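Written below as C-alpha cells is the structure these notes are about.
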Amino acid sequence: MGMVTIELPDENATAALAARVAALTRPSDVIALNGELGAGKTSFARAFIRARGGVEEVPSPTFTLVQIYELADGAIWHFDCYRLRDPAEAWELGIEDAFQDGISLIEWPERLGPLLPQRRLKIALLPGASADARRASIEAGPDWAERVARLAAEGVG
C-alpha cells in the first residue's frame, strides 16, 4: 500500500479524520504528524485525543515538549519535537515508554531522526484548495497498511 491522499475542506473534516484514525489505533502505535507551522497538527492531535475519550484541555506541547493523557484505554503521549536540538534529547522525555506502551502522536517527527520507528503512520497535513482546506497525505508503515486501506475505503466524515 502506497500513499493515500484525503481532501479536508475544513477543520471539521480534519477532526473527522483524526477520529477515524483514533478508532484504528492500538497501544504502541506511533503517528507522525508532519506539516508546516499552522498546518493543523495540534488540531488533529486535539481531535484524536477527544475521540479516544480525553476531556481535558489539549494544549500544544511546544514548550513542555510532551503531554501525557491517561485515558481509560491507555495513555496517549503527545510530543512536539520542534524545539529538540538533538534526537537524543527525546530519551529524557520518556519516548521509549511511549513507543512501548502508549499511543504516540508526534509533531515535527523529523527531529527524532533515527529514533522514529519505521512502524509508524505518517500523516502530512498540506495546504488545500482554500484557506480553511487541508490535504492529508497518509503513508502506512508496517502494521498500518491494512488499517489505512480500511480508512481509505470507508472515507472520512
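Residue numbering restarts at 1 in every chain; chains get A, B, ... in the order shown in the C-alpha cells, and ligands count up from 1 in that same order.
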Quiz prompt | Selection near range 35-44 of chain A, 8 Å with only C-alpha atoms, sequence-local residues under 6 positions removed, as a PyMOL selection string | solution = chain A and resi 11+14-15+18+59-60+107-108+124-127+134
Got a sec: who's within 7 Å of range 73-77 of chain A, counting only C-alpha atoms, leaving out chain neighbours fewer than 4 positions off, as a compact mmCIF listing (two decimals) with N, CA and C atoms, in the first residue's frame?
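Heads up, here's the output in around07.txt:
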```txt
# COMPACT_ATOMS: atom_id res chain seq x y z
N VAL A 66 6.20 17.46 25.78
CA VAL A 66 5.34 16.27 25.81
C VAL A 66 4.21 16.49 26.82
N GLN A 67 3.02 16.03 26.45
CA GLN A 67 1.87 15.98 27.33
C GLN A 67 1.39 14.52 27.32
N ILE A 68 1.08 14.00 28.49
CA ILE A 68 0.61 12.62 28.58
C ILE A 68 -0.84 12.64 29.05
N TYR A 69 -1.69 11.93 28.31
CA TYR A 69 -3.11 11.84 28.64
C TYR A 69 -3.41 10.40 29.04
N ALA A 98 6.71 5.55 25.78
CA ALA A 98 5.60 5.87 24.88
C ALA A 98 5.54 4.87 23.74
N GLY A 102 2.30 3.15 25.02
CA GLY A 102 1.29 4.16 24.74
C GLY A 102 1.00 4.30 23.26
N ILE A 103 0.16 5.26 22.96
CA ILE A 103 -0.05 5.71 21.59
C ILE A 103 0.68 7.04 21.51
N SER A 104 1.53 7.19 20.51
CA SER A 104 2.35 8.39 20.38
C SER A 104 1.89 9.24 19.20
N LEU A 105 1.57 10.49 19.50
CA LEU A 105 1.29 11.49 18.47
C LEU A 105 2.50 12.41 18.46
```
Quick one: DSSP helix (DSSP H, G or I) residues in range 93-147 of chain A, as a compact mmCIF listing (two decimals) with C-alpha atoms, in the first residue's frame?
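File result_9.txt, as written:
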```
# COMPACT_ATOMS: atom_id res chain seq x y z
CA LEU A 93 11.01 12.76 27.51
CA ILE A 95 9.93 8.29 24.44
CA GLU A 96 10.86 4.62 24.86
CA ASP A 97 7.95 4.15 27.30
CA ALA A 98 5.60 5.87 24.88
CA PHE A 99 6.71 3.66 21.99
CA GLN A 100 6.34 0.50 24.08
CA ASP A 101 3.04 1.01 25.91
CA PRO A 109 8.80 13.85 13.90
CA GLU A 110 11.74 14.51 11.59
CA ARG A 111 13.55 16.00 14.61
CA LEU A 112 13.74 12.48 16.10
CA GLY A 113 15.96 11.29 13.26
CA PRO A 114 16.78 7.59 13.66
CA LEU A 115 14.69 7.28 16.86
CA ALA A 145 -1.25 -0.93 5.62
CA GLU A 146 -4.47 -2.87 6.29
CA ARG A 147 -5.84 -0.19 8.63
```
Quiz item: Quick one: DSSP strand (DSSP E) residues in chain A, as a PyMOL selection string?
Solution: chain A and resi 3-8+30-34+66-71+74-80+103-107+120-127+134-140
